[in-house]
>>> print(open('final-v7.tsv').read())   # TSV, N, CA and C atoms
chain	number	residue	atom	x	y	z
A	1	MET	N	-31.52	15.13	16.69
A	1	MET	CA	-30.13	15.26	16.29
A	1	MET	C	-30.03	15.19	14.77
A	2	ALA	N	-29.24	16.03	14.19
A	2	ALA	CA	-29.12	16.10	12.73
A	2	ALA	C	-28.31	14.91	12.21
A	3	ARG	N	-28.67	14.50	11.02
A	3	ARG	CA	-28.00	13.37	10.39
A	3	ARG	C	-26.65	13.83	9.82
A	4	THR	N	-25.61	13.00	10.06
A	4	THR	CA	-24.29	13.31	9.54
A	4	THR	C	-24.18	12.82	8.10
A	5	LYS	N	-23.82	13.71	7.24
A	5	LYS	CA	-23.67	13.34	5.82
A	5	LYS	C	-22.19	13.40	5.47
A	6	ARG	N	-21.64	12.27	4.98
A	6	ARG	CA	-20.21	12.20	4.73
A	6	ARG	C	-19.91	12.00	3.25
A	7	GLY	N	-20.80	12.48	2.40
A	7	GLY	CA	-20.62	12.26	0.97
A	7	GLY	C	-19.31	12.82	0.44
A	8	VAL	N	-18.92	13.98	0.92
A	8	VAL	CA	-17.71	14.62	0.42
A	8	VAL	C	-16.48	13.80	0.79
A	9	ILE	N	-16.42	13.33	2.02
A	9	ILE	CA	-15.26	12.58	2.50
A	9	ILE	C	-15.14	11.24	1.77
A	10	SER	N	-16.27	10.50	1.71
A	10	SER	CA	-16.18	9.19	1.07
A	10	SER	C	-15.91	9.34	-0.42
A	11	ASN	N	-16.45	10.38	-1.05
A	11	ASN	CA	-16.18	10.58	-2.47
A	11	ASN	C	-14.70	10.85	-2.70
A	12	SER	N	-14.08	11.64	-1.82
A	12	SER	CA	-12.67	11.93	-2.01
A	12	SER	C	-11.82	10.69	-1.77
A	13	LYS	N	-12.22	9.85	-0.81
A	13	LYS	CA	-11.49	8.60	-0.58
A	13	LYS	C	-11.64	7.67	-1.78
A	14	HIS	N	-12.85	7.59	-2.31
A	14	HIS	CA	-13.10	6.73	-3.47
A	14	HIS	C	-12.33	7.24	-4.68
A	15	LYS	N	-12.26	8.56	-4.83
A	15	LYS	CA	-11.56	9.14	-5.97
A	15	LYS	C	-10.08	8.74	-5.97
A	16	LYS	N	-9.48	8.71	-4.78
A	16	LYS	CA	-8.07	8.30	-4.67
A	16	LYS	C	-7.88	6.87	-5.17
A	17	VAL	N	-8.78	5.99	-4.74
A	17	VAL	CA	-8.69	4.58	-5.14
A	17	VAL	C	-8.89	4.44	-6.64
A	18	PHE	N	-9.93	5.12	-7.16
A	18	PHE	CA	-10.22	5.00	-8.59
A	18	PHE	C	-9.09	5.56	-9.45
A	19	LYS	N	-8.43	6.61	-8.96
A	19	LYS	CA	-7.30	7.16	-9.70
A	19	LYS	C	-6.16	6.15	-9.76
A	20	PHE	N	-5.97	5.42	-8.67
A	20	PHE	CA	-4.90	4.42	-8.61
A	20	PHE	C	-5.15	3.27	-9.57
A	21	VAL	N	-6.41	2.82	-9.68
A	21	VAL	CA	-6.71	1.63	-10.50
A	21	VAL	C	-7.17	1.99	-11.90
A	22	LYS	N	-6.99	3.23	-12.29
A	22	LYS	CA	-7.37	3.66	-13.63
A	22	LYS	C	-6.61	2.83	-14.66
A	23	GLY	N	-7.33	2.35	-15.66
A	23	GLY	CA	-6.70	1.57	-16.71
A	23	GLY	C	-6.85	0.08	-16.54
A	24	GLN	N	-7.43	-0.35	-15.42
A	24	GLN	CA	-7.64	-1.78	-15.24
A	24	GLN	C	-8.94	-2.20	-15.89
A	25	TYR	N	-9.10	-3.52	-16.07
A	25	TYR	CA	-10.26	-4.06	-16.78
A	25	TYR	C	-11.45	-4.27	-15.87
A	26	GLY	N	-12.64	-4.26	-16.46
A	26	GLY	CA	-13.87	-4.67	-15.79
A	26	GLY	C	-14.22	-3.80	-14.60
A	27	ARG	N	-14.80	-4.46	-13.59
A	27	ARG	CA	-15.27	-3.73	-12.42
A	27	ARG	C	-14.14	-3.29	-11.51
A	28	ARG	N	-12.93	-3.73	-11.81
A	28	ARG	CA	-11.79	-3.34	-10.98
A	28	ARG	C	-11.59	-1.83	-11.02
A	29	LYS	N	-12.06	-1.18	-12.08
A	29	LYS	CA	-11.81	0.25	-12.22
A	29	LYS	C	-12.97	1.12	-11.79
A	30	ASN	N	-14.17	0.53	-11.55
A	30	ASN	CA	-15.31	1.41	-11.27
A	30	ASN	C	-16.21	0.96	-10.12
A	31	THR	N	-15.86	-0.12	-9.44
A	31	THR	CA	-16.62	-0.55	-8.26
A	31	THR	C	-15.68	-0.47	-7.07
A	32	ILE	N	-16.04	0.32	-6.08
A	32	ILE	CA	-15.10	0.66	-5.02
A	32	ILE	C	-14.58	-0.56	-4.28
A	33	ARG	N	-15.43	-1.52	-3.99
A	33	ARG	CA	-14.99	-2.68	-3.21
A	33	ARG	C	-13.94	-3.48	-3.97
A	34	ILE	N	-14.21	-3.73	-5.23
A	34	ILE	CA	-13.29	-4.51	-6.05
A	34	ILE	C	-12.05	-3.69	-6.39
A	35	ALA	N	-12.25	-2.40	-6.61
A	35	ALA	CA	-11.13	-1.52	-6.91
A	35	ALA	C	-10.16	-1.46	-5.74
A	36	ARG	N	-10.69	-1.42	-4.53
A	36	ARG	CA	-9.81	-1.36	-3.35
A	36	ARG	C	-9.01	-2.65	-3.22
A	37	GLN	N	-9.65	-3.79	-3.49
A	37	GLN	CA	-8.92	-5.07	-3.45
A	37	GLN	C	-7.82	-5.09	-4.51
A	38	ALA	N	-8.15	-4.60	-5.70
A	38	ALA	CA	-7.17	-4.57	-6.79
A	38	ALA	C	-6.00	-3.66	-6.43
A	39	MET	N	-6.31	-2.54	-5.80
A	39	MET	CA	-5.26	-1.59	-5.42
A	39	MET	C	-4.34	-2.21	-4.36
A	40	GLU	N	-4.92	-2.86	-3.37
A	40	GLU	CA	-4.11	-3.47	-2.31
A	40	GLU	C	-3.21	-4.56	-2.88
A	41	LYS	N	-3.76	-5.37	-3.79
A	41	LYS	CA	-2.97	-6.43	-4.39
A	41	LYS	C	-1.85	-5.84	-5.25
A	42	ALA	N	-2.16	-4.78	-5.99
A	42	ALA	CA	-1.14	-4.14	-6.82
A	42	ALA	C	-0.03	-3.57	-5.95
A	43	MET	N	-0.38	-3.02	-4.80
A	43	MET	CA	0.63	-2.47	-3.90
A	43	MET	C	1.49	-3.57	-3.30
A	44	GLN	N	0.90	-4.74	-3.04
A	44	GLN	CA	1.68	-5.88	-2.55
A	44	GLN	C	2.69	-6.31	-3.60
A	45	TYR	N	2.24	-6.40	-4.85
A	45	TYR	CA	3.14	-6.78	-5.93
A	45	TYR	C	4.25	-5.76	-6.08
A	46	ALA	N	3.91	-4.48	-5.99
A	46	ALA	CA	4.90	-3.43	-6.15
A	46	ALA	C	5.96	-3.52	-5.06
A	47	TYR	N	5.54	-3.75	-3.83
A	47	TYR	CA	6.48	-3.86	-2.71
A	47	TYR	C	7.40	-5.05	-2.92
A	48	ARG	N	6.80	-6.20	-3.27
A	48	ARG	CA	7.59	-7.41	-3.48
A	48	ARG	C	8.59	-7.23	-4.62
A	49	ASP	N	8.13	-6.62	-5.71
A	49	ASP	CA	8.96	-6.55	-6.90
A	49	ASP	C	10.03	-5.47	-6.82
A	50	ARG	N	9.88	-4.52	-5.90
A	50	ARG	CA	10.99	-3.59	-5.68
A	50	ARG	C	12.18	-4.33	-5.11
A	51	LYS	N	11.93	-5.37	-4.32
A	51	LYS	CA	13.02	-6.19	-3.79
A	51	LYS	C	13.56	-7.12	-4.88
A	52	ALA	N	12.66	-7.74	-5.64
A	52	ALA	CA	13.06	-8.70	-6.66
A	52	ALA	C	13.83	-8.04	-7.79
A	53	LYS	N	13.53	-6.78	-8.07
A	53	LYS	CA	14.20	-6.05	-9.14
A	53	LYS	C	15.71	-6.01	-8.91
A	54	LYS	N	16.11	-5.84	-7.67
A	54	LYS	CA	17.53	-5.78	-7.34
A	54	LYS	C	18.20	-7.12	-7.65
A	55	ARG	N	17.53	-8.22	-7.31
A	55	ARG	CA	18.07	-9.55	-7.60
A	55	ARG	C	18.14	-9.78	-9.11
A	56	ASP	N	17.08	-9.37	-9.82
A	56	ASP	CA	17.03	-9.59	-11.27
A	56	ASP	C	18.17	-8.86	-11.98
A	57	PHE	N	18.41	-7.62	-11.58
A	57	PHE	CA	19.46	-6.86	-12.24
A	57	PHE	C	20.83	-7.42	-11.93
A	58	ARG	N	21.06	-7.84	-10.69
A	58	ARG	CA	22.35	-8.45	-10.36
A	58	ARG	C	22.58	-9.70	-11.20
A	59	SER	N	21.54	-10.50	-11.36
A	59	SER	CA	21.63	-11.70	-12.18
A	59	SER	C	21.96	-11.36	-13.63
A	60	LEU	N	21.33	-10.31	-14.15
A	60	LEU	CA	21.60	-9.88	-15.53
A	60	LEU	C	23.04	-9.42	-15.68
A	61	TRP	N	23.52	-8.65	-14.70
A	61	TRP	CA	24.91	-8.17	-14.76
A	61	TRP	C	25.89	-9.34	-14.77
A	62	ILE	N	25.63	-10.33	-13.92
A	62	ILE	CA	26.52	-11.50	-13.84
A	62	ILE	C	26.52	-12.25	-15.18
A	63	GLN	N	25.36	-12.39	-15.80
A	63	GLN	CA	25.29	-13.08	-17.09
A	63	GLN	C	26.08	-12.34	-18.16
A	64	ARG	N	25.98	-11.02	-18.17
A	64	ARG	CA	26.70	-10.23	-19.17
A	64	ARG	C	28.21	-10.31	-18.95
A	65	ILE	N	28.61	-10.24	-17.70
A	65	ILE	CA	30.04	-10.35	-17.40
A	65	ILE	C	30.55	-11.74	-17.80
A	66	ASN	N	29.80	-12.75	-17.46
A	66	ASN	CA	30.18	-14.13	-17.77
A	66	ASN	C	30.33	-14.32	-19.28
A	67	ALA	N	29.41	-13.78	-20.05
A	67	ALA	CA	29.48	-13.91	-21.51
A	67	ALA	C	30.74	-13.22	-22.05
A	68	GLY	N	31.04	-12.03	-21.51
A	68	GLY	CA	32.21	-11.31	-21.97
A	68	GLY	C	33.51	-11.98	-21.58
A	69	VAL	N	33.53	-12.59	-20.41
A	69	VAL	CA	34.74	-13.23	-19.90
A	69	VAL	C	35.00	-14.55	-20.60
A	70	ARG	N	33.96	-15.29	-20.90
A	70	ARG	CA	34.12	-16.60	-21.54
A	70	ARG	C	34.69	-16.47	-22.95
A	71	SER	N	34.40	-15.36	-23.62
A	71	SER	CA	35.00	-15.17	-24.94
A	71	SER	C	36.51	-14.96	-24.85
A	72	GLU	N	36.99	-14.62	-23.64
A	72	GLU	CA	38.43	-14.45	-23.42
A	72	GLU	C	39.07	-15.68	-22.78
A	73	GLY	N	38.27	-16.74	-22.55
A	73	GLY	CA	38.82	-17.99	-22.05
A	73	GLY	C	38.86	-18.12	-20.54
A	74	LEU	N	38.04	-17.35	-19.84
A	74	LEU	CA	37.95	-17.44	-18.38
A	74	LEU	C	36.53	-17.78	-17.99
A	75	THR	N	36.36	-18.14	-16.71
A	75	THR	CA	35.01	-18.28	-16.19
A	75	THR	C	34.72	-17.09	-15.29
A	76	TYR	N	33.44	-16.91	-14.99
A	76	TYR	CA	33.02	-15.77	-14.16
A	76	TYR	C	33.68	-15.82	-12.79
A	77	SER	N	33.67	-16.98	-12.15
A	77	SER	CA	34.19	-17.08	-10.80
A	77	SER	C	35.69	-16.80	-10.75
A	78	LYS	N	36.42	-17.32	-11.74
A	78	LYS	CA	37.87	-17.05	-11.80
A	78	LYS	C	38.15	-15.57	-12.07
A	79	PHE	N	37.29	-14.97	-12.89
A	79	PHE	CA	37.43	-13.55	-13.20
A	79	PHE	C	37.23	-12.69	-11.94
A	80	ILE	N	36.19	-12.98	-11.17
A	80	ILE	CA	35.91	-12.21	-9.95
A	80	ILE	C	37.04	-12.41	-8.94
A	81	ASN	N	37.53	-13.64	-8.83
A	81	ASN	CA	38.65	-13.92	-7.94
A	81	ASN	C	39.89	-13.13	-8.38
A	82	GLY	N	40.14	-13.11	-9.69
A	82	GLY	CA	41.27	-12.36	-10.21
A	82	GLY	C	41.12	-10.86	-10.00
A	83	LEU	N	39.90	-10.36	-10.11
A	83	LEU	CA	39.65	-8.93	-9.85
A	83	LEU	C	40.04	-8.59	-8.42
A	84	ASN	N	39.65	-9.43	-7.48
A	84	ASN	CA	39.97	-9.18	-6.08
A	84	ASN	C	41.47	-9.25	-5.84
A	85	LYS	N	42.14	-10.22	-6.49
A	85	LYS	CA	43.59	-10.36	-6.32
A	85	LYS	C	44.34	-9.16	-6.91
A	86	SER	N	43.85	-8.67	-8.05
A	86	SER	CA	44.53	-7.55	-8.70
A	86	SER	C	44.09	-6.20	-8.14
A	87	LYS	N	43.22	-6.24	-7.13
A	87	LYS	CA	42.75	-5.04	-6.43
A	87	LYS	C	42.08	-4.03	-7.37
A	88	ILE	N	41.34	-4.54	-8.33
A	88	ILE	CA	40.54	-3.68	-9.21
A	88	ILE	C	39.16	-3.55	-8.57
A	89	LYS	N	38.78	-2.33	-8.22
A	89	LYS	CA	37.53	-2.10	-7.50
A	89	LYS	C	36.45	-1.61	-8.46
A	90	LEU	N	35.88	-2.53	-9.22
A	90	LEU	CA	34.74	-2.22	-10.09
A	90	LEU	C	33.59	-3.13	-9.71
A	91	ASP	N	32.41	-2.55	-9.57
A	91	ASP	CA	31.27	-3.39	-9.21
A	91	ASP	C	30.68	-4.06	-10.46
A	92	ARG	N	29.77	-4.98	-10.23
A	92	ARG	CA	29.22	-5.79	-11.31
A	92	ARG	C	28.44	-4.95	-12.31
A	93	LYS	N	27.79	-3.90	-11.82
A	93	LYS	CA	27.01	-3.05	-12.71
A	93	LYS	C	27.92	-2.38	-13.74
A	94	VAL	N	29.04	-1.84	-13.29
A	94	VAL	CA	29.97	-1.16	-14.19
A	94	VAL	C	30.63	-2.17	-15.12
A	95	LEU	N	31.02	-3.32	-14.58
A	95	LEU	CA	31.66	-4.35	-15.42
A	95	LEU	C	30.71	-4.83	-16.52
A	96	ALA	N	29.44	-5.03	-16.17
A	96	ALA	CA	28.46	-5.48	-17.15
A	96	ALA	C	28.25	-4.42	-18.22
A	97	GLU	N	28.25	-3.17	-17.82
A	97	GLU	CA	28.08	-2.08	-18.78
A	97	GLU	C	29.26	-2.01	-19.73
A	98	LEU	N	30.46	-2.21	-19.20
A	98	LEU	CA	31.66	-2.22	-20.05
A	98	LEU	C	31.63	-3.41	-21.01
A	99	ALA	N	31.25	-4.58	-20.49
A	99	ALA	CA	31.21	-5.78	-21.33
A	99	ALA	C	30.19	-5.63	-22.46
A	100	TYR	N	29.12	-4.94	-22.18
A	100	TYR	CA	28.03	-4.79	-23.15
A	100	TYR	C	28.30	-3.68	-24.16
A	101	ASN	N	28.78	-2.53	-23.68
A	101	ASN	CA	28.92	-1.35	-24.55
A	101	ASN	C	30.34	-1.09	-25.03
A	102	ASN	N	31.35	-1.44	-24.22
A	102	ASN	CA	32.76	-1.19	-24.58
A	102	ASN	C	33.57	-2.46	-24.45
A	103	PRO	N	33.40	-3.40	-25.37
A	103	PRO	CA	34.10	-4.69	-25.24
A	103	PRO	C	35.62	-4.57	-25.24
A	104	GLU	N	36.17	-3.57	-25.95
A	104	GLU	CA	37.63	-3.45	-26.01
A	104	GLU	C	38.19	-3.03	-24.65
A	105	VAL	N	37.48	-2.15	-23.93
A	105	VAL	CA	37.91	-1.75	-22.59
A	105	VAL	C	37.79	-2.94	-21.65
A	106	PHE	N	36.69	-3.68	-21.79
A	106	PHE	CA	36.48	-4.86	-20.94
A	106	PHE	C	37.57	-5.89	-21.17
A	107	LYS	N	37.99	-6.08	-22.43
A	107	LYS	CA	39.05	-7.04	-22.74
A	107	LYS	C	40.36	-6.64	-22.07
A	108	SER	N	40.63	-5.34	-22.02
A	108	SER	CA	41.87	-4.90	-21.36
A	108	SER	C	41.82	-5.20	-19.86
A	109	ILE	N	40.65	-5.07	-19.25
A	109	ILE	CA	40.50	-5.42	-17.83
A	109	ILE	C	40.72	-6.91	-17.64
A	110	VAL	N	40.16	-7.71	-18.55
A	110	VAL	CA	40.31	-9.17	-18.46
A	110	VAL	C	41.78	-9.56	-18.60
A	111	LYS	N	42.51	-8.88	-19.48
A	111	LYS	CA	43.94	-9.17	-19.65
A	111	LYS	C	44.70	-8.90	-18.35
A	112	LYS	N	44.40	-7.78	-17.67
A	112	LYS	CA	45.05	-7.47	-16.40
A	112	LYS	C	44.73	-8.53	-15.35
A	113	VAL	N	43.48	-8.98	-15.36
A	113	VAL	CA	43.06	-10.01	-14.40
A	113	VAL	C	43.78	-11.32	-14.69
A	114	GLN	N	43.91	-11.66	-15.96
A	114	GLN	CA	44.59	-12.92	-16.32
A	114	GLN	C	46.05	-12.90	-15.88
A	115	LEU	N	46.69	-11.73	-15.93
A	115	LEU	CA	48.08	-11.63	-15.47
A	115	LEU	C	48.17	-11.82	-13.96
A	116	SER	N	47.18	-11.35	-13.23
A	116	SER	CA	47.22	-11.48	-11.76
A	116	SER	C	46.88	-12.90	-11.29
A	117	ILE	N	46.17	-13.65	-12.12
A	117	ILE	CA	45.82	-15.04	-11.76
A	117	ILE	C	47.05	-15.94	-11.88
A	118	LYS	N	47.86	-15.71	-12.91
A	118	LYS	CA	48.99	-16.60	-13.17
A	118	LYS	C	50.13	-16.38	-12.24
>>> encode(input="final-v7.tsv", output="structure tokens")
Amino acid sequence: MARTKRGVISNSKHKKVFKFVKGQYGRRKNTIRIARQAMEKAMQYAYRDRKAKKRDFRSLWIQRINAGVRSEGLTYSKFINGLNKSKIKLDRKVLAELAYNNPEVFKSIVKKVQLSIK
């Protein structure tokens, strides 16, 4: 029986792994066993951090809104409560962008919210 030679298949599989770990240090980039471990770990981190990224950005938006609102004499929680009472439907991403890039527009929103709280 003839011997099965799988050089082409294994080389193509190895090439995929090496392409993924290109740019890493040491044997992580050129030894298949270690490269595969590095790739799997990197993919675990990527999966985890796609979820964490959403939390991080929401936290950043809240901090920016809070900073903008406190300069007007309100707290973040009172501001969000006032937004709901005044039926202004803006999400935190848009509010944070306004507070950061267009403070005068953000101040006008805060003024409307302050009127609805009182």
>>> atom_distance(input="final-v7.tsv", atom1="atom C of A:Ile34", atom2="atom C of A:Ser10")
14.8 Å
>>> residues_around(input="final-v7.tsv", residues="stretch 57-74 of chain A", least_positions_apart="3", cutoff="6.5 Å", atoms="all atoms listed in the file", output="ChimeraX atom specification")
/A:52-54,78-79,92-93,95-96,99-100
>>> write_last_selection(input="final-v7.tsv", atoms="N, CA and C atoms", output="tab-separated table (two decimals), keeping the file's coordinate frame")
chain	number	residue	atom	x	y	z
A	52	ALA	N	12.66	-7.74	-5.64
A	52	ALA	CA	13.06	-8.70	-6.66
A	52	ALA	C	13.83	-8.04	-7.79
A	53	LYS	N	13.53	-6.78	-8.07
A	53	LYS	CA	14.20	-6.05	-9.14
A	53	LYS	C	15.71	-6.01	-8.91
A	54	LYS	N	16.11	-5.84	-7.67
A	54	LYS	CA	17.53	-5.78	-7.34
A	54	LYS	C	18.20	-7.12	-7.65
A	78	LYS	N	36.42	-17.32	-11.74
A	78	LYS	CA	37.87	-17.05	-11.80
A	78	LYS	C	38.15	-15.57	-12.07
A	79	PHE	N	37.29	-14.97	-12.89
A	79	PHE	CA	37.43	-13.55	-13.20
A	79	PHE	C	37.23	-12.69	-11.94
A	92	ARG	N	29.77	-4.98	-10.23
A	92	ARG	CA	29.22	-5.79	-11.31
A	92	ARG	C	28.44	-4.95	-12.31
A	93	LYS	N	27.79	-3.90	-11.82
A	93	LYS	CA	27.01	-3.05	-12.71
A	93	LYS	C	27.92	-2.38	-13.74
A	95	LEU	N	31.02	-3.32	-14.58
A	95	LEU	CA	31.66	-4.35	-15.42
A	95	LEU	C	30.71	-4.83	-16.52
A	96	ALA	N	29.44	-5.03	-16.17
A	96	ALA	CA	28.46	-5.48	-17.15
A	96	ALA	C	28.25	-4.42	-18.22
A	99	ALA	N	31.25	-4.58	-20.49
A	99	ALA	CA	31.21	-5.78	-21.33
A	99	ALA	C	30.19	-5.63	-22.46
A	100	TYR	N	29.12	-4.94	-22.18
A	100	TYR	CA	28.03	-4.79	-23.15
A	100	TYR	C	28.30	-3.68	-24.16
>>> atom_distance(input="final-v7.tsv", atom1="atom CA of A:Asn30", atom2="atom CA of A:Arg48")
25.7 Å
>>> closest_residue(input="final-v7.tsv", among="A:Ala2, A:Gly7, A:Ala38, A:Gln114", to="A:Gly26", atoms="only C-alpha atoms")
A:Ala38
>>> atom_distance(input="final-v7.tsv", atom1="atom CA of A:Asn102", atom2="atom CA of A:Thr75")
19.2 Å
>>> select_by_dssp(input="final-v7.tsv", residues="stretch 1-110 of chain A", states="helix (DSSP H, G or I)", output="MDAnalysis selection string")
chainID A and resid 7:20 26:29 32:70 76:85 92:101 103:110
>>> decode(input="final-v7.tsv", residues="stretch 82-111 of chain A", atoms="C-alpha atoms", output="mmCIF file, in the first residue's frame")
data_model
loop_
_atom_site.group_PDB
_atom_site.id
_atom_site.type_symbol
_atom_site.label_atom_id
_atom_site.label_comp_id
_atom_site.auth_asym_id
_atom_site.auth_seq_id
_atom_site.Cartn_x
_atom_site.Cartn_y
_atom_site.Cartn_z
ATOM 1 C CA GLY A 82 -35.164 64.572 34.018
ATOM 2 C CA LEU A 83 -34.567 63.367 30.460
ATOM 3 C CA ASN A 84 -37.126 60.622 30.954
ATOM 4 C CA LYS A 85 -39.629 63.043 32.525
ATOM 5 C CA SER A 86 -39.219 65.562 29.708
ATOM 6 C CA LYS A 87 -39.576 62.744 27.149
ATOM 7 C CA ILE A 88 -36.307 63.561 25.384
ATOM 8 C CA LYS A 89 -35.248 60.390 23.574
ATOM 9 C CA LEU A 90 -31.468 60.664 23.223
ATOM 10 C CA ASP A 91 -29.184 57.778 24.041
ATOM 11 C CA ARG A 92 -25.998 58.076 26.066
ATOM 12 C CA LYS A 93 -23.756 57.857 23.013
ATOM 13 C CA VAL A 94 -25.360 60.912 21.401
ATOM 14 C CA LEU A 95 -25.495 62.835 24.681
ATOM 15 C CA ALA A 96 -21.810 62.159 25.340
ATOM 16 C CA GLU A 97 -20.922 63.280 21.828
ATOM 17 C CA LEU A 98 -22.878 66.503 22.309
ATOM 18 C CA ALA A 99 -21.291 67.134 25.712
ATOM 19 C CA TYR A 100 -17.821 66.592 24.262
ATOM 20 C CA ASN A 101 -18.066 68.333 20.875
ATOM 21 C CA ASN A 102 -21.028 70.756 21.144
ATOM 22 C CA PRO A 103 -21.218 72.010 24.732
ATOM 23 C CA GLU A 104 -23.621 74.856 23.862
ATOM 24 C CA VAL A 105 -26.182 72.410 22.408
ATOM 25 C CA PHE A 106 -25.713 70.148 25.417
ATOM 26 C CA LYS A 107 -26.302 73.099 27.774
ATOM 27 C CA SER A 108 -29.610 73.838 26.054
ATOM 28 C CA ILE A 109 -30.689 70.221 26.616
ATOM 29 C CA VAL A 110 -29.678 70.492 30.273
ATOM 30 C CA LYS A 111 -31.741 73.691 30.623
#
